[in-house]
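What follows is upload.cif (mmCIF, C-alpha atoms and all ligand atoms).
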data_target
#
loop_
_atom_site.label_atom_id
_atom_site.label_comp_id
_atom_site.auth_asym_id
_atom_site.auth_seq_id
_atom_site.Cartn_x
_atom_site.Cartn_y
_atom_site.Cartn_z
CA MET P 1 0.00 0.00 0.00
CA ALA P 2 1.19 3.50 -0.76
CA ASP P 3 0.87 4.53 2.90
CA GLU P 4 3.06 1.63 4.00
CA GLN P 5 5.94 2.99 2.00
CA ARG P 6 8.58 4.72 4.01
CA ARG P 7 9.02 8.32 2.95
CA ASN P 8 10.98 9.71 5.84
CA GLU P 9 12.79 12.96 5.18
CA GLY P 10 15.96 12.05 3.37
CA GLU P 11 16.48 8.75 5.18
CA LEU P 12 18.37 6.21 3.10
CA VAL P 13 16.56 2.85 2.76
CA VAL P 14 18.32 0.13 0.77
CA THR P 15 16.30 -2.84 -0.49
CA ASP P 16 17.41 -5.91 -2.44
CA ALA P 17 16.35 -6.34 -6.04
CA ARG P 18 14.75 -9.66 -6.93
CA ALA P 19 16.60 -11.91 -9.36
CA THR P 20 14.22 -13.09 -12.05
CA HIS P 21 14.00 -13.77 -15.78
CA VAL P 22 12.47 -12.03 -18.77
CA GLY P 23 12.50 -14.61 -21.52
CA GLU P 24 15.94 -16.19 -21.27
CA PHE P 25 17.51 -13.09 -19.83
CA SER P 26 18.36 -12.63 -16.18
CA VAL P 27 17.21 -9.38 -14.67
CA ARG P 28 17.39 -7.74 -11.26
CA ARG P 29 14.00 -6.30 -10.44
CA ALA P 30 14.62 -3.34 -8.13
CA LEU P 31 10.98 -2.14 -8.22
CA PRO P 32 8.34 -3.07 -7.24
CA THR P 33 9.49 -4.86 -4.11
CA ARG P 34 7.77 -5.74 -0.86
CA GLY P 35 7.18 -2.46 0.90
CA ARG P 36 7.82 -0.22 -2.08
CA ARG P 37 5.67 0.01 -5.16
CA THR P 38 6.65 3.37 -6.57
CA VAL P 39 9.28 6.08 -6.53
CA GLY P 40 7.50 9.13 -7.92
CA PRO P 41 5.54 7.63 -10.85
CA TRP P 42 8.28 5.03 -11.51
CA CYS P 43 6.68 1.65 -10.81
CA PHE P 44 9.03 -0.92 -12.35
CA VAL P 45 12.81 -1.07 -12.62
CA ASP P 46 14.47 -4.04 -14.32
CA HIS P 47 18.24 -4.10 -14.68
CA MET P 48 18.98 -6.58 -17.45
CA GLY P 49 22.41 -8.11 -17.99
CA PRO P 50 25.17 -7.54 -18.75
CA GLN P 51 24.73 -10.87 -20.42
CA THR P 52 26.10 -12.56 -23.51
CA PHE P 53 23.60 -13.74 -26.08
CA SER P 54 24.04 -16.21 -28.88
CA PRO P 55 21.93 -17.99 -31.50
CA THR P 56 20.85 -20.44 -28.78
CA LYS P 57 20.38 -17.85 -26.04
CA SER P 58 18.32 -15.02 -27.38
CA PHE P 59 16.85 -12.00 -25.61
CA ASP P 60 13.83 -11.66 -27.89
CA ILE P 61 10.69 -10.55 -26.10
CA ALA P 62 7.75 -11.52 -28.28
CA PRO P 63 4.64 -9.32 -28.73
CA HIS P 64 2.86 -8.58 -25.45
CA PRO P 65 0.38 -5.93 -24.29
CA HIS P 66 0.67 -2.95 -21.96
CA LEU P 67 -1.88 -0.80 -20.19
CA GLY P 68 -1.73 2.36 -18.07
CA LEU P 69 2.01 2.99 -18.27
CA GLN P 70 5.01 4.22 -20.21
CA THR P 71 7.93 1.92 -20.93
CA VAL P 72 11.43 3.37 -21.02
CA THR P 73 14.08 1.24 -22.70
CA TRP P 74 17.65 2.38 -22.08
CA LEU P 75 20.79 0.48 -23.01
CA PHE P 76 24.40 0.54 -21.81
CA ASP P 77 25.52 -2.07 -24.33
CA GLY P 78 23.97 -3.83 -27.33
CA GLU P 79 21.02 -3.03 -29.60
CA ILE P 80 17.32 -3.78 -29.48
CA LEU P 81 14.72 -3.52 -32.22
CA HIS P 82 11.36 -2.22 -30.99
CA ARG P 83 8.15 -2.93 -32.88
CA ASP P 84 4.70 -1.87 -31.73
CA SER P 85 1.06 -1.97 -32.74
CA LEU P 86 1.17 1.68 -33.86
CA GLY P 87 3.49 0.49 -36.63
CA SER P 88 6.66 1.87 -35.05
CA GLU P 89 9.87 0.03 -35.82
CA GLN P 90 12.88 1.49 -34.07
CA LEU P 91 16.38 0.29 -33.33
CA ILE P 92 17.94 1.66 -30.18
CA ARG P 93 21.56 1.86 -29.14
CA PRO P 94 23.24 2.98 -25.93
CA GLY P 95 22.52 6.65 -25.17
CA GLN P 96 19.16 6.58 -26.95
CA MET P 97 15.74 6.18 -25.39
CA ASN P 98 12.60 4.45 -26.54
CA LEU P 99 9.57 5.82 -24.69
CA MET P 100 6.28 4.05 -25.32
CA THR P 101 3.02 5.35 -23.87
CA SER P 102 0.38 2.65 -23.65
CA GLY P 103 -2.72 4.67 -22.87
CA GLU P 104 -5.55 2.13 -22.79
CA GLY P 105 -3.68 -0.42 -24.80
CA ILE P 106 -0.65 -1.06 -26.96
CA ALA P 107 1.39 -4.14 -27.85
CA HIS P 108 5.07 -4.36 -28.65
CA SER P 109 8.01 -6.68 -29.11
CA GLU P 110 11.68 -6.12 -28.33
CA GLU P 111 13.90 -8.17 -30.53
CA ASN P 112 17.43 -8.94 -31.46
CA PRO P 113 18.04 -6.91 -34.65
CA GLY P 114 19.70 -9.84 -36.37
CA VAL P 115 23.00 -9.82 -34.50
CA THR P 116 23.96 -13.40 -33.71
CA SER P 117 26.07 -12.83 -30.64
CA GLY P 118 27.20 -10.08 -28.33
CA GLN P 119 26.42 -8.38 -25.06
CA LEU P 120 23.22 -6.83 -23.86
CA HIS P 121 23.08 -4.54 -20.85
CA GLY P 122 20.38 -2.03 -20.00
CA VAL P 123 17.34 -1.11 -18.01
CA GLN P 124 13.65 -1.30 -18.67
CA LEU P 125 11.63 1.14 -16.59
CA TRP P 126 7.90 1.68 -16.30
CA VAL P 127 6.16 4.91 -15.43
CA ALA P 128 2.61 4.72 -14.04
CA LEU P 129 0.35 7.09 -15.98
CA PRO P 130 -1.79 9.39 -13.84
CA SER P 131 -5.56 9.06 -14.14
CA SER P 132 -5.62 12.26 -16.21
CA THR P 133 -3.84 10.54 -19.12
CA ARG P 134 -4.06 6.79 -18.57
CA HIS P 135 -7.15 6.48 -20.76
CA GLY P 136 -5.55 8.52 -23.55
CA GLU P 137 -4.06 7.60 -26.91
CA SER P 138 -1.06 5.35 -27.16
CA ALA P 139 2.16 6.86 -28.51
CA PHE P 140 5.80 6.12 -29.21
CA GLU P 141 8.84 8.41 -29.03
CA HIS P 142 12.46 7.70 -29.91
CA HIS P 143 15.06 10.10 -28.54
CA GLY P 144 18.33 9.73 -30.41
CA GLU P 145 20.02 12.45 -28.42
CA LEU P 146 19.33 13.59 -24.88
CA PRO P 147 20.57 16.57 -22.87
CA THR P 148 23.56 16.14 -20.59
CA PHE P 149 25.01 18.01 -17.64
CA GLU P 150 28.56 18.06 -16.39
CA MET P 151 29.71 17.32 -12.88
CA LEU P 152 33.19 17.74 -11.49
CA ASN P 153 33.90 14.01 -11.86
CA GLY P 154 31.25 12.79 -14.20
CA GLU P 155 28.30 13.42 -16.46
CA GLY P 156 24.55 13.00 -16.33
CA ILE P 157 22.19 12.21 -19.20
CA VAL P 158 18.63 13.42 -18.63
CA LEU P 159 16.16 10.89 -20.07
CA ILE P 160 12.99 12.52 -18.74
CA GLY P 161 12.47 15.75 -16.82
CA ARG P 162 15.24 18.19 -15.98
CA VAL P 163 18.40 18.69 -13.97
CA GLY P 164 19.37 22.37 -13.93
CA ASP P 165 19.48 23.63 -17.51
CA ALA P 166 19.47 20.14 -19.00
CA VAL P 167 15.84 19.58 -19.98
CA SER P 168 14.64 16.47 -21.81
CA SER P 169 12.01 16.92 -24.51
CA ALA P 170 10.54 13.50 -23.71
CA ARG P 171 6.87 13.32 -22.86
CA ARG P 172 6.18 13.44 -19.16
CA ASP P 173 2.71 13.22 -17.60
CA SER P 174 3.84 13.72 -13.97
CA GLU P 175 6.47 15.77 -12.21
CA MET P 176 9.41 13.40 -12.47
CA VAL P 177 12.99 12.87 -13.55
CA GLY P 178 15.11 10.00 -14.88
CA VAL P 179 18.89 10.34 -15.24
CA GLU P 180 21.86 8.14 -16.11
CA LEU P 181 24.90 9.10 -14.02
CA LYS P 182 28.31 8.24 -15.47
CA LEU P 183 30.73 8.69 -12.62
CA ARG P 184 34.50 8.71 -12.64
CA ARG P 185 36.46 8.12 -9.44
CA GLY P 186 35.82 10.92 -6.95
CA GLU P 187 33.15 12.95 -5.22
CA HIS P 188 29.88 13.90 -6.88
CA VAL P 189 27.06 16.31 -6.14
CA VAL P 190 23.75 16.07 -7.99
CA PRO P 191 21.11 18.78 -7.48
CA LEU P 192 17.68 17.45 -6.48
CA GLU P 193 14.14 18.83 -6.16
CA LYS P 194 13.07 18.93 -2.51
CA GLU P 195 9.49 17.95 -3.35
CA PHE P 196 10.60 14.81 -5.19
CA GLU P 197 11.39 11.43 -3.70
CA TYR P 198 14.36 9.68 -5.33
CA ALA P 199 16.02 6.31 -5.68
CA VAL P 200 19.35 5.21 -7.11
CA VAL P 201 20.02 1.92 -8.88
CA VAL P 202 23.68 1.17 -9.58
CA THR P 203 24.21 -0.67 -12.86
CA LYS P 204 28.02 -0.80 -12.93
CA GLY P 205 30.66 -0.51 -10.22
CA GLU P 206 29.60 0.84 -6.85
CA LEU P 207 28.98 4.15 -5.16
CA SER P 208 28.76 5.36 -1.62
CA VAL P 209 25.85 7.53 -0.44
CA ASP P 210 25.37 8.68 3.18
CA GLY P 211 28.21 6.34 4.16
CA THR P 212 26.53 3.27 2.66
CA LEU P 213 28.02 1.38 -0.26
CA ILE P 214 25.50 0.66 -3.03
CA THR P 215 26.16 -2.09 -5.59
CA PRO P 216 24.09 -3.50 -8.49
CA GLY P 217 21.09 -5.53 -7.32
CA HIS P 218 19.73 -2.96 -4.89
CA LEU P 219 17.46 0.04 -4.80
CA ALA P 220 18.75 2.90 -2.66
CA TYR P 221 15.75 5.03 -1.70
CA LEU P 222 16.79 8.57 -0.82
CA GLY P 223 13.42 9.83 0.40
CA GLN P 224 12.15 13.38 -0.03
CA GLY P 225 13.37 16.74 1.17
CA ARG P 226 16.92 16.77 -0.20
CA ASP P 227 18.11 19.60 -2.41
CA GLU P 228 21.19 17.64 -3.44
CA VAL P 229 22.76 14.22 -3.05
CA ARG P 230 26.45 13.43 -2.67
CA PHE P 231 28.02 10.27 -3.98
CA SER P 232 31.58 9.05 -3.81
CA THR P 233 33.20 6.45 -6.03
CA SER P 234 36.54 4.67 -5.86
CA GLU P 235 36.36 3.62 -9.51
CA GLU P 236 34.10 4.24 -12.50
CA ALA P 237 30.43 3.65 -11.81
CA VAL P 238 27.12 3.99 -13.63
CA ALA P 239 23.77 4.49 -11.92
CA MET P 240 20.20 5.45 -12.68
CA LEU P 241 18.71 8.24 -10.59
CA LEU P 242 14.90 8.16 -10.64
CA GLY P 243 12.56 10.55 -8.90
CA GLY P 244 9.30 12.43 -8.84
CA ILE P 245 6.45 13.73 -6.75
CA PRO P 246 5.20 10.70 -4.75
CA PHE P 247 2.49 8.98 -6.78
CA GLU P 248 -0.64 9.39 -4.71
CA GLU P 249 -2.94 7.05 -6.64
CA THR P 250 -2.87 3.43 -5.51
CA ILE P 251 -2.02 1.34 -8.52
CA LEU P 252 -2.75 -2.31 -9.16
CA MET P 253 -0.10 -4.08 -11.25
CA TRP P 254 -0.55 -7.50 -12.78
CA TRP P 255 1.60 -8.90 -15.60
CA ASN P 256 2.20 -5.99 -18.00
CA PHE P 257 -0.77 -3.96 -16.87
CA VAL P 258 -0.92 -0.97 -14.53
CA ALA P 259 -4.48 -0.21 -13.46
CA ARG P 260 -6.59 0.69 -10.46
CA THR P 261 -9.07 -2.20 -10.27
CA GLN P 262 -9.12 -5.95 -10.87
CA ASP P 263 -11.97 -5.49 -13.32
CA GLU P 264 -9.87 -3.22 -15.55
CA ILE P 265 -7.14 -5.84 -15.62
CA SER P 266 -9.58 -8.68 -16.27
CA LYS P 267 -10.99 -6.82 -19.28
CA ALA P 268 -7.53 -6.10 -20.66
CA TYR P 269 -6.50 -9.74 -20.15
CA GLU P 270 -9.61 -10.95 -21.95
CA SER P 271 -9.00 -8.57 -24.86
CA TRP P 272 -5.44 -9.80 -25.26
CA MET P 273 -6.39 -13.47 -25.07
CA LYS P 274 -9.25 -12.99 -27.56
CA SER P 275 -6.91 -11.01 -29.79
CA ASP P 276 -9.53 -8.31 -30.30
CA ASP P 277 -8.70 -4.82 -31.62
CA ARG P 278 -7.81 -3.20 -28.30
CA PHE P 279 -4.07 -3.90 -28.38
CA GLY P 280 -3.66 -4.06 -32.15
CA ARG P 281 -1.09 -6.13 -34.03
CA VAL P 282 2.69 -6.11 -33.97
CA ALA P 283 4.51 -6.85 -37.23
CA SER P 284 6.72 -9.48 -35.65
CA SER P 285 7.42 -13.06 -36.69
CA LEU P 286 7.49 -14.14 -33.05
CA PRO P 287 4.39 -15.77 -31.55
CA ARG P 288 2.55 -13.46 -29.14
CA ILE P 289 3.06 -14.06 -25.43
CA GLU P 290 0.09 -15.50 -23.57
CA VAL P 291 -0.18 -16.16 -19.85
CA GLY P 292 -2.70 -17.68 -17.46
CA PRO P 293 -5.42 -15.46 -16.02
CA PRO P 294 -5.10 -13.26 -12.95
CA PRO P 295 -6.11 -15.10 -9.74
CA TRP P 296 -9.44 -13.27 -9.47
CA PHE P 297 -10.38 -13.80 -13.13
CA ARG P 298 -13.87 -14.96 -14.08
CA SER P 299 -14.71 -14.85 -17.74
CA ASN P 300 -17.92 -12.99 -18.66
CA ARG P 301 -18.74 -15.61 -21.24
MN MN P 401 7.00 -4.55 -22.72
#

Reformat the file's structure so that it appears as structure tokens.
Ligand code: MN
Amino acid sequence: MADEQRRNEGELVVTDARATHVGEFSVRRALPTRGRRTVGPWCFVDHMGPQTFSPTKSFDIAPHPHLGLQTVTWLFDGEILHRDSLGSEQLIRPGQMNLMTSGEGIAHSEENPGVTSGQLHGVQLWVALPSSTRHGESAFEHHGELPTFEMLNGEGIVLIGRVGDAVSSARRDSEMVGVELKLRRGEHVVPLEKEFEYAVVVTKGELSVDGTLITPGHLAYLGQGRDEVRFSTSEEAVAMLLGGIPFEETILMWWNFVARTQDEISKAYESWMKSDDRFGRVASSLPRIEVGPPPWFRSNR
């Protein structure tokens, strides 16, 4: 429950990510976890890889539906081909962002663009859409270049939102920010918004915040009320900094759907399984992903 989440002023809370799989790929799921469902509107944080793929170990994610969210795909290594039911077909590389807004329904696949072997390393993030836009049109944006800001010992890339004068043009339906921090060895100061809550997920190396060492596989929740955060690193490190105004609506997540009620999810599930027009078609050769029903599901027919 949202009220169970700890939001103490600036108190660091470190939780373990859950090791799981997406297709054949191992991921560390840093959000949601027991006790924390959201950080701002961010409701899902998967750190995938780094992992080697080959003709026998693919990372293809076949067509599947989404509801009530935005997906952010961001790579540190490798390439992914995105296809969706709006007809978008977009390759992404490290430093580029694919931002898909589901509205009431979209389907997509994320596929190997024909490379037979290599490394894949990245994050997939979900943003819960507020009720003001979650019933809106679906949309897709590719950002080939994003604004950056310099720090004394590193650089930040602003995916969504702003840090100082670095303002991303990506669509944003809530007050929020998403940043990749590329840190060299040393001390770092990142300006924050006091009204936002924040979390840090380290994807390479390690960093120290408030005297605590943070490594990959954890979510370091920074709370609200800070106007800056200080990190220190003894070697190169990479981390995602995610934040926003605490999301006040209680969301219900099941499979790839973010909703408010079981009934909304049941209807979306039924539409996907019946292959009706709601989620459209993805021009992919992979067979669509189907799963068993949610535990409360009763078909209307
Ligand atoms: Mn997806």

- Task: Would you mind telling me which residue in P:Thr148, P:Thr73, P:Gln51, P:Asn153 lies nearest to P:Gln96 when using all atoms listed in the file?
- Result: P:Thr73

Neighbours of P:Gly156 within 7 Å (all atoms listed in the file; same-chain residues fewer than 6 positions away dropped), as a short mmCIF file (atom, residue, chain, number, x, y, z; two decimals) with C-alpha atoms, keeping the file's coordinate frame?
data_model
loop_
_atom_site.label_atom_id
_atom_site.label_comp_id
_atom_site.auth_asym_id
_atom_site.auth_seq_id
_atom_site.Cartn_x
_atom_site.Cartn_y
_atom_site.Cartn_z
CA THR P 148 23.56 16.14 -20.59
CA PHE P 149 25.01 18.01 -17.64
CA GLU P 150 28.56 18.06 -16.39
CA VAL P 179 18.89 10.34 -15.24
CA GLU P 180 21.86 8.14 -16.11
CA LEU P 181 24.90 9.10 -14.02
CA LYS P 182 28.31 8.24 -15.47
#

- Message: Neighbouring residues of ligand MN 401 (chain P) are defined here as those with any atom at most 10 Å from a ligand atom, counting only C-alpha atoms and all ligand atoms; list them as an NGL selection string.
- Response: :P and (61-67 or 70-73 or 82 or 84 or 100 or 102 or 106-110 or 124-126 or 255-257)

- Residue nearest P:Arg288 - candidates P:Thr212, P:Thr261, P:Ser232, P:Ser275, atoms counted: only C-alpha atoms: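 Looking at the shortest contact to P:Arg288, the residue is P:Ser275.
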
- Interatomic distance, atom CA of P:Ala220 to atom CA of P:Val238 (Å, one decimal): 13.8 Å

- Message: Could you list, as an NGL selection string, every residue within 6 Å of P:Glu206, counting all atoms listed in the file and ignoring same-chain residues fewer than 5 positions away?
- Response: :P and (214-215 or 237)

- Message: As an exercise, work out the distance from atom CA of P:Arg29 to atom CA of P:Val45 in Å and give it to one decimal place.
- Response: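 Straight-line distance from atom CA of P:Arg29 to atom CA of P:Val45 works out to 5.8 Å.
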
- Hey, which of P:Leu91, P:Gly122, P:Leu31, P:Gly10 ends up closest to P:Lys194? Count only C-alpha atoms. P:Gly10

- Note on the structure: One decimal place gives the atom CA of P:Gly23-atom CA of P:Arg37 separation as 23.0 Å

- Query: Between P:Ala199, P:Ile80, P:Leu152, P:Ala17, which has the minimum distance to P:Gly178 (counting only C-alpha atoms)?
  - Reply: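 With only C-alpha atoms as the atom set, the closest residue is P:Ala199.
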
Take stretch 82-93 of chain P, bring it up to all heavy atoms, and give me the output as an mmCIF file, keeping the file's coordinate frame.
data_model
loop_
_atom_site.group_PDB
_atom_site.id
_atom_site.type_symbol
_atom_site.label_atom_id
_atom_site.label_comp_id
_atom_site.auth_asym_id
_atom_site.auth_seq_id
_atom_site.Cartn_x
_atom_site.Cartn_y
_atom_site.Cartn_z
ATOM 1 N N HIS P 82 12.714 -2.374 -31.537
ATOM 2 C CA HIS P 82 11.360 -2.220 -30.990
ATOM 3 C C HIS P 82 10.351 -2.218 -32.124
ATOM 4 O O HIS P 82 10.537 -1.537 -33.128
ATOM 5 C CB HIS P 82 11.291 -0.895 -30.218
ATOM 6 C CG HIS P 82 9.894 -0.407 -29.960
ATOM 7 N ND1 HIS P 82 9.238 -0.623 -28.776
ATOM 8 C CD2 HIS P 82 9.020 0.285 -30.744
ATOM 9 C CE1 HIS P 82 8.023 -0.083 -28.838
ATOM 10 N NE2 HIS P 82 7.869 0.481 -30.016
ATOM 11 N N ARG P 83 9.287 -2.997 -31.944
ATOM 12 C CA ARG P 83 8.150 -2.930 -32.880
ATOM 13 C C ARG P 83 6.888 -2.812 -32.050
ATOM 14 O O ARG P 83 6.758 -3.483 -31.024
ATOM 15 C CB ARG P 83 8.047 -4.225 -33.703
ATOM 16 C CG ARG P 83 9.121 -4.404 -34.745
ATOM 17 C CD ARG P 83 8.717 -5.561 -35.669
ATOM 18 N NE ARG P 83 9.627 -5.674 -36.791
ATOM 19 C CZ ARG P 83 10.549 -6.620 -36.897
ATOM 20 N NH1 ARG P 83 10.695 -7.524 -35.955
ATOM 21 N NH2 ARG P 83 11.340 -6.663 -37.957
ATOM 22 N N ASP P 84 5.940 -1.967 -32.488
ATOM 23 C CA ASP P 84 4.700 -1.870 -31.730
ATOM 24 C C ASP P 84 3.487 -1.834 -32.636
ATOM 25 O O ASP P 84 3.606 -1.775 -33.869
ATOM 26 C CB ASP P 84 4.738 -0.684 -30.747
ATOM 27 C CG ASP P 84 4.770 0.664 -31.448
ATOM 28 O OD1 ASP P 84 4.082 0.833 -32.474
ATOM 29 O OD2 ASP P 84 5.485 1.557 -30.958
ATOM 30 N N SER P 85 2.315 -1.873 -31.999
ATOM 31 C CA SER P 85 1.060 -1.970 -32.740
ATOM 32 C C SER P 85 0.618 -0.639 -33.344
ATOM 33 O O SER P 85 -0.398 -0.571 -34.025
ATOM 34 C CB SER P 85 -0.042 -2.542 -31.831
ATOM 35 O OG SER P 85 -0.099 -1.845 -30.611
ATOM 36 N N LEU P 86 1.398 0.439 -33.120
ATOM 37 C CA LEU P 86 1.170 1.680 -33.860
ATOM 38 C C LEU P 86 1.885 1.637 -35.203
ATOM 39 O O LEU P 86 1.759 2.549 -36.013
ATOM 40 C CB LEU P 86 1.708 2.881 -33.068
ATOM 41 C CG LEU P 86 1.064 3.175 -31.722
ATOM 42 C CD1 LEU P 86 1.889 4.200 -30.956
ATOM 43 C CD2 LEU P 86 -0.358 3.671 -31.926
ATOM 44 N N GLY P 87 2.694 0.590 -35.411
ATOM 45 C CA GLY P 87 3.490 0.490 -36.630
ATOM 46 C C GLY P 87 4.906 0.982 -36.465
ATOM 47 O O GLY P 87 5.682 1.002 -37.427
ATOM 48 N N SER P 88 5.282 1.393 -35.279
ATOM 49 C CA SER P 88 6.660 1.870 -35.050
ATOM 50 C C SER P 88 7.626 0.699 -35.189
ATOM 51 O O SER P 88 7.330 -0.418 -34.782
ATOM 52 C CB SER P 88 6.822 2.435 -33.629
ATOM 53 O OG SER P 88 5.721 3.217 -33.250
ATOM 54 N N GLU P 89 8.785 0.993 -35.759
ATOM 55 C CA GLU P 89 9.870 0.030 -35.820
ATOM 56 C C GLU P 89 11.136 0.831 -35.573
ATOM 57 O O GLU P 89 11.471 1.706 -36.372
ATOM 58 C CB GLU P 89 9.915 -0.662 -37.174
ATOM 59 C CG GLU P 89 10.978 -1.746 -37.215
ATOM 60 C CD GLU P 89 10.910 -2.612 -38.484
ATOM 61 O OE1 GLU P 89 9.795 -2.997 -38.892
ATOM 62 O OE2 GLU P 89 11.977 -2.865 -39.047
ATOM 63 N N GLN P 90 11.789 0.597 -34.471
ATOM 64 C CA GLN P 90 12.880 1.490 -34.070
ATOM 65 C C GLN P 90 14.002 0.728 -33.377
ATOM 66 O O GLN P 90 13.798 0.081 -32.359
ATOM 67 C CB GLN P 90 12.330 2.562 -33.109
ATOM 68 C CG GLN P 90 13.370 3.549 -32.643
ATOM 69 C CD GLN P 90 13.893 4.423 -33.765
ATOM 70 O OE1 GLN P 90 13.117 5.090 -34.448
ATOM 71 N NE2 GLN P 90 15.207 4.419 -33.975
ATOM 72 N N LEU P 91 15.184 0.859 -33.949
ATOM 73 C CA LEU P 91 16.380 0.290 -33.330
ATOM 74 C C LEU P 91 16.883 1.275 -32.275
ATOM 75 O O LEU P 91 16.900 2.477 -32.519
ATOM 76 C CB LEU P 91 17.447 0.127 -34.427
ATOM 77 C CG LEU P 91 18.750 -0.544 -34.023
ATOM 78 C CD1 LEU P 91 18.527 -2.033 -33.784
ATOM 79 C CD2 LEU P 91 19.808 -0.335 -35.100
ATOM 80 N N ILE P 92 17.264 0.770 -31.125
ATOM 81 C CA ILE P 92 17.940 1.660 -30.180
ATOM 82 C C ILE P 92 19.308 1.130 -29.807
ATOM 83 O O ILE P 92 19.552 -0.070 -29.763
ATOM 84 C CB ILE P 92 17.178 1.983 -28.874
ATOM 85 C CG1 ILE P 92 16.898 0.747 -28.060
ATOM 86 C CG2 ILE P 92 15.982 2.811 -29.099
ATOM 87 C CD1 ILE P 92 16.610 1.154 -26.624
ATOM 88 N N ARG P 93 20.174 2.113 -29.531
ATOM 89 C CA ARG P 93 21.560 1.860 -29.140
ATOM 90 C C ARG P 93 21.806 2.587 -27.824
ATOM 91 O O ARG P 93 21.012 3.444 -27.425
ATOM 92 C CB ARG P 93 22.496 2.425 -30.204
ATOM 93 C CG ARG P 93 22.327 1.786 -31.559
ATOM 94 C CD ARG P 93 23.496 2.152 -32.484
ATOM 95 N NE ARG P 93 23.483 1.304 -33.659
ATOM 96 C CZ ARG P 93 22.965 1.673 -34.828
ATOM 97 N NH1 ARG P 93 22.440 2.868 -34.986
ATOM 98 N NH2 ARG P 93 22.983 0.833 -35.855
#
